[in-house]
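**Student:** After the structure tokens below, expect a handful of questions from me.
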Amino acid sequence: PSLTYRPAKPTVLVNFGESVNFPLLFGIMLILVALVPVAGTLLFALPFIDSKVAGVRLGAQTYSFRALPRPADGNMVPTIIAALNEVGLNDCELWAPQVEPVFAVGRGASADAQKAARESLRKWRVETPMSHFQGVRKQFNAAGISIFAYNYSFRDDFTDEEIDRGFEITKALGAGVITASTTVPVAARVAPFAEKHKMIVAMHGHSNVNDPNE
């Protein structure tokens, strides 16, 4: 005999025929349930890229990927992560403009427009919550990529608040080093902040030997 369930107004008929081996079915269900955490473990245990060679960590300055087009939503982080994966590197020096929105104006823009764009970038830097940068860090971590350093170049027009904020952003990204292009006077301004935050600032030199300020 078959076991049949009929609702008051039947729309679905469930019929378990005699041919079903219930102990076997129950056993299969238990096995499948048991395999779920195992499958999850195997999935998340897949190895990340390891770009160490003979114990030496190899990585990339993400400025190397500056020619990659910015997506419509402006978020370059997934693009940079994909590029690092493609070249097989799991360590990077993250270039600040690839984390920041674009406020730049085109060539020939008025001085007022340039000033407004610069102020917008400054405002974004000092007011964006640290949770934003922590979120960036999580995306890199999820891909198995380490942010070794943050390339945040201190310019002559940086305010003290903007300089200080660079160190806070670097910490939120999980990096222990700031790399920077700067000038001699600004380097002197940066030094107290490096002491305050107990962080290394690695200066990036340029080849303009005719300018003593470089």
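Scheme for the structure tokens: letters A, B, ... for chains in order shown; per-chain residue numbers from 1; ligand numbers from 1 in order shown.
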So that I can see what lies close to Phe167 in chain A, please list as an NGL selection string the residues with an atom at most 8 Å from it, counting only C-alpha atoms and leaving out residues fewer than 2 positions away in the same chain.
**Tutor:** :A and (163-165 or 169-171 or 178 or 193-194 or 197 or 199)
**Student:** Using N, CA, C and O atoms, can you write the selected residues to a file as a short mmCIF file (atom, residue, chain, number, x, y, z; two decimals), in the first residue's frame?
**Tutor:**
```
data_model
loop_
_atom_site.label_atom_id
_atom_site.label_comp_id
_atom_site.auth_asym_id
_atom_site.auth_seq_id
_atom_site.Cartn_x
_atom_site.Cartn_y
_atom_site.Cartn_z
N ILE A 163 48.38 65.06 6.89
CA ILE A 163 49.56 64.23 7.11
C ILE A 163 49.25 63.16 8.15
O ILE A 163 49.51 61.97 7.96
N ASP A 164 48.68 63.59 9.27
CA ASP A 164 48.36 62.66 10.36
C ASP A 164 47.40 61.58 9.89
O ASP A 164 47.52 60.41 10.26
N ARG A 165 46.46 61.98 9.08
CA ARG A 165 45.44 61.03 8.60
C ARG A 165 46.08 59.92 7.77
O ARG A 165 45.59 58.78 7.78
N ILE A 169 45.21 55.97 8.16
CA ILE A 169 44.74 55.16 7.03
C ILE A 169 45.64 53.95 6.85
O ILE A 169 45.17 52.82 6.64
N THR A 170 46.94 54.18 6.94
CA THR A 170 47.90 53.08 6.77
C THR A 170 47.67 51.99 7.81
O THR A 170 47.69 50.79 7.49
N LYS A 171 47.45 52.38 9.04
CA LYS A 171 47.16 51.41 10.10
C LYS A 171 45.88 50.63 9.79
O LYS A 171 45.81 49.41 9.97
N ILE A 178 54.72 53.53 5.45
CA ILE A 178 54.25 54.49 4.44
C ILE A 178 55.41 54.73 3.49
O ILE A 178 56.56 54.93 3.92
N PHE A 193 55.18 63.16 13.00
CA PHE A 193 54.03 62.26 12.91
C PHE A 193 54.48 60.80 12.85
O PHE A 193 53.83 59.91 13.40
N ALA A 194 55.58 60.57 12.16
CA ALA A 194 56.15 59.21 12.12
C ALA A 194 56.55 58.77 13.52
O ALA A 194 56.32 57.61 13.91
N HIS A 197 53.32 58.00 15.58
CA HIS A 197 52.64 56.74 15.22
C HIS A 197 53.58 55.54 15.23
O HIS A 197 53.13 54.41 14.97
N MET A 199 55.90 54.65 13.14
CA MET A 199 55.80 54.03 11.82
C MET A 199 56.95 54.46 10.92
O MET A 199 57.39 55.61 10.96
#
```
**Student:** Would you pick out the contacts of Arg155 in chain A at 9 Å or less, using only C-alpha atoms, so that residues sharing its chain but fewer than 3 positions from it are not included, and give the list as a list in words?
**Tutor:**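 Skipping anything fewer than 3 positions along the chain leaves Phe158, Ser181, Thr182, Thr183 and Val186 of chain A.
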**Student:** Pick out the residues sitting within 9 Å of Leu89 in chain A, and hand them over as a count of residues only; count only C-alpha atoms, and ignore anything fewer than 5 positions along from it in its own chain.
**Tutor:** 10
**Student:** Do you know which residues are at most 10 Å from range 68-78 of chain A counting only C-alpha atoms, after dropping those on the same chain fewer than 3 positions away, and could you put them as a list in words?
**Tutor:**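 Those residues are Tyr63, Ser64, Phe65, Ile81, Ala82, Ala83, Leu84, Leu94, Pro97, Gln98, Val99, Glu100, Pro101, Val102, Val136, Arg137, Gln139, Phe140 and Ala143 of chain A.
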